[in-house]
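Structure file query.txt (compact mmCIF, C-alpha atoms) follows.
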```txt
# COMPACT_ATOMS: atom_id res chain seq x y z
CA MET A 3 58.69 156.56 138.80
CA ALA A 4 60.63 154.97 141.66
CA SER A 5 64.34 155.52 141.93
CA VAL A 6 66.46 152.48 141.09
CA GLY A 7 69.65 151.87 143.07
CA ALA A 8 72.98 151.57 141.29
CA SER A 9 73.36 147.86 142.03
CA THR A 10 69.87 147.07 140.70
CA TYR A 11 70.51 149.16 137.60
CA SER A 12 73.80 147.44 136.79
CA LEU A 13 72.24 143.99 137.29
CA THR A 14 69.30 144.96 135.09
CA LYS A 15 71.59 146.36 132.41
CA HIS A 16 73.74 143.20 132.54
CA ILE A 17 70.75 140.85 132.24
CA LYS A 18 69.14 142.84 129.43
CA ASN A 19 72.18 142.00 127.28
CA HIS A 20 71.34 138.32 127.71
CA VAL A 21 68.62 135.91 126.73
CA MET A 22 67.04 133.67 129.34
CA PHE A 23 66.93 129.89 129.02
CA VAL A 24 65.24 127.00 130.76
CA ILE A 25 67.36 123.89 130.34
CA LEU A 26 65.50 120.66 131.00
CA LEU A 27 67.61 117.58 131.69
CA ASN A 28 66.03 114.16 131.28
CA TYR A 29 67.98 111.19 132.64
CA ILE A 30 68.42 108.42 130.08
CA LYS A 31 70.46 106.12 132.33
CA PRO A 32 69.54 104.50 135.65
CA LEU A 33 69.84 106.57 138.83
CA SER A 34 72.67 104.32 139.96
CA GLU A 35 74.75 105.72 137.05
CA VAL A 36 73.48 109.27 137.62
CA ASP A 37 74.60 109.09 141.25
CA CYS A 38 78.18 108.26 140.21
CA PHE A 39 78.49 111.72 138.62
CA VAL A 40 76.38 113.92 140.93
CA ALA A 41 79.39 115.42 142.77
CA GLU A 42 81.12 116.31 139.49
CA HIS A 43 77.84 117.67 138.09
CA ARG A 44 77.42 119.91 141.17
CA ALA A 45 80.96 121.27 140.70
CA TYR A 46 80.06 122.02 137.07
CA LEU A 47 76.90 123.84 138.23
CA ALA A 48 78.90 125.84 140.81
CA SER A 49 81.37 127.00 138.16
CA HIS A 50 78.51 128.37 136.06
CA TYR A 51 76.90 130.11 139.04
CA ALA A 52 80.28 131.77 139.55
CA SER A 53 80.42 132.81 135.87
CA GLY A 54 76.92 134.29 136.14
CA HIS A 55 75.34 131.98 133.57
CA PHE A 56 73.23 129.86 135.94
CA LEU A 57 70.61 131.51 138.14
CA MET A 58 68.74 128.52 139.58
CA TYR A 59 68.88 124.73 139.50
CA GLY A 60 66.84 121.91 140.96
CA ARG A 61 66.05 118.30 140.35
CA GLN A 62 62.72 117.26 138.91
CA GLU A 63 60.23 115.51 141.14
CA PRO A 64 59.98 112.61 140.67
CA ARG A 65 63.74 112.37 140.11
CA THR A 66 63.81 112.01 136.33
CA GLY A 67 66.19 114.89 135.57
CA GLY A 68 66.84 118.51 136.43
CA VAL A 69 65.92 122.08 135.52
CA ILE A 70 68.37 124.97 135.08
CA LEU A 71 67.41 128.63 134.73
CA ALA A 72 70.23 130.31 132.83
CA LYS A 73 71.20 133.47 130.96
CA ALA A 74 73.66 134.02 128.14
CA PRO A 75 74.08 136.28 125.12
CA THR A 76 73.23 133.43 122.71
CA ARG A 77 71.81 129.94 122.52
CA ALA A 78 75.14 128.82 121.05
CA GLU A 79 76.85 129.79 124.30
CA ILE A 80 74.37 127.72 126.33
CA GLU A 81 74.96 124.78 123.99
CA ARG A 82 78.73 125.18 124.51
CA ILE A 83 78.29 125.28 128.29
CA ILE A 84 76.20 122.09 128.23
CA GLN A 85 78.99 120.28 126.38
CA ASN A 86 81.05 120.56 129.60
CA ASP A 87 78.43 118.96 131.86
CA PRO A 88 79.57 115.53 133.06
CA PHE A 89 76.00 114.30 132.56
CA HIS A 90 76.37 115.23 128.87
CA ARG A 91 79.88 113.81 128.56
CA GLU A 92 78.79 110.48 130.06
CA GLN A 93 75.53 110.47 128.03
CA ILE A 94 73.50 110.32 131.25
CA ALA A 95 70.98 113.00 130.28
CA GLU A 96 69.28 114.51 127.25
CA TYR A 97 68.86 118.28 127.15
CA ASN A 98 65.97 120.42 125.98
CA ILE A 99 66.80 124.14 125.77
CA VAL A 100 63.91 126.61 125.89
CA GLU A 101 64.84 130.21 125.02
CA PHE A 102 62.58 132.96 126.33
CA LEU A 103 62.34 136.70 126.96
CA PRO A 104 60.75 137.41 130.37
CA SER A 105 58.02 140.02 130.16
CA MET A 106 56.35 139.56 133.57
CA THR A 107 57.93 138.54 136.88
CA ALA A 108 57.35 138.59 140.60
CA THR A 109 58.65 141.85 142.10
CA GLU A 110 61.76 140.08 143.41
CA LEU A 111 62.69 139.17 139.83
CA ASP A 112 61.99 142.49 138.08
CA SER A 113 65.62 142.75 137.00
CA LEU A 114 65.14 139.72 134.74
CA LYS A 115 62.42 141.29 132.59
CA GLU A 116 63.07 142.27 129.02
CA GLY A 117 63.01 145.99 128.18
```

Final structure tokens representation of the file:
Amino acid sequence: MASVGASTYSLTKHIKNHVMFVILLNYIKPLSEVDCFVAEHRAYLASHYASGHFLMYGRQEPRTGGVILAKAPTRAEIERIIQNDPFHREQIAEYNIVEFLPSMTATELDSLKEG
């Protein structure tokens, strides 16, 4: 068995105490309204990257919404985090939360796998 470095181990241990989520945003207002809140939405995203909850984000193509890869101890915490999104506050997007436990990943993402 290969040796695992301390930083990889602590990341793995930290992630294993969390559940993974895919959060799908679907815009329900015109892009002209979406665009008014993009800067504030990006600041919201940045704060949750800093907290360690968000791992990846991107817009859907075509531009009908976004996708967030996130981790948290519970779904309730993700729901609480979403309440603070300006897109939620302004009723610009609907949210679909998919909870999952990663069992297979690319080598670069091994630390995200469950047990």

Using the file's own x, y and z axes, what box holds all listed atoms of range 38-55 of chain A with 3 Å on each side, keeping edges along x, y and z, and what are its centre and edge lengths in Å to one decimal, as AutoDock Vina command-line options?
```
--center_x 78.4 --center_y 121.3 --center_z 138.2 --size_x 12.0 --size_y 32.0 --size_z 15.2
```

I want to know what sits within 6 Å of range 65-72 of chain A, based on all atoms listed in the file, with residues of the same chain fewer than 6 positions away left out; could you give that as a JSON list (two decimals) with C-alpha atoms, in the frame of the given file?
```json
[["chain", "number", "residue", "atom", "x", "y", "z"],
["A", 22, "MET", "CA", 67.04, 133.67, 129.34],
["A", 23, "PHE", "CA", 66.93, 129.89, 129.02],
["A", 24, "VAL", "CA", 65.24, 127.00, 130.76],
["A", 25, "ILE", "CA", 67.36, 123.89, 130.34],
["A", 26, "LEU", "CA", 65.50, 120.66, 131.00],
["A", 27, "LEU", "CA", 67.61, 117.58, 131.69],
["A", 28, "ASN", "CA", 66.03, 114.16, 131.28],
["A", 29, "TYR", "CA", 67.98, 111.19, 132.64],
["A", 55, "HIS", "CA", 75.34, 131.98, 133.57],
["A", 56, "PHE", "CA", 73.23, 129.86, 135.94],
["A", 57, "LEU", "CA", 70.61, 131.51, 138.14],
["A", 58, "MET", "CA", 68.74, 128.52, 139.58],
["A", 59, "TYR", "CA", 68.88, 124.73, 139.50]]
```

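Taking CA of Glu96 in chain A and CA of Glu63 in chain A as the two end points, the separation is 16.6 Å.
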
List as a ChimeraX atom specification: which residues have an atom within 10 Å of (76.4, 122.6, 130.2), counting only C-alpha atoms? /A:25,43,46-47,50,56,70,79-91,97

Gap from CA of Arg77 in chain A to CA of Val100 in chain A - Å, one decimal: 9.2 Å

Pairwise distance for CA of Lys31 in chain A and CA of Ile94 in chain A, rounded to one decimal in Å: 5.3 Å

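When only C-alpha atoms are used to compute distances to Ala74 in chain A, the closest of the residues A:Arg44, A:Met106, A:Leu33, A:Glu101 turns out to be A:Glu101.
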
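Distances from A:Ile99, A:Glu110, A:Glu92, A:Pro104 to Glu42 in chain A were compared using all atoms listed in the file, and the smallest one belongs to A:Glu92.
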
Fewer than 5 positions away in the same chain doesn't count, so skip those; otherwise give me all residues within 7 Å of Val21 in chain A, counting only C-alpha atoms, as JSON, numbers by chain. {"A": [73, 74, 75, 76, 102, 103]}
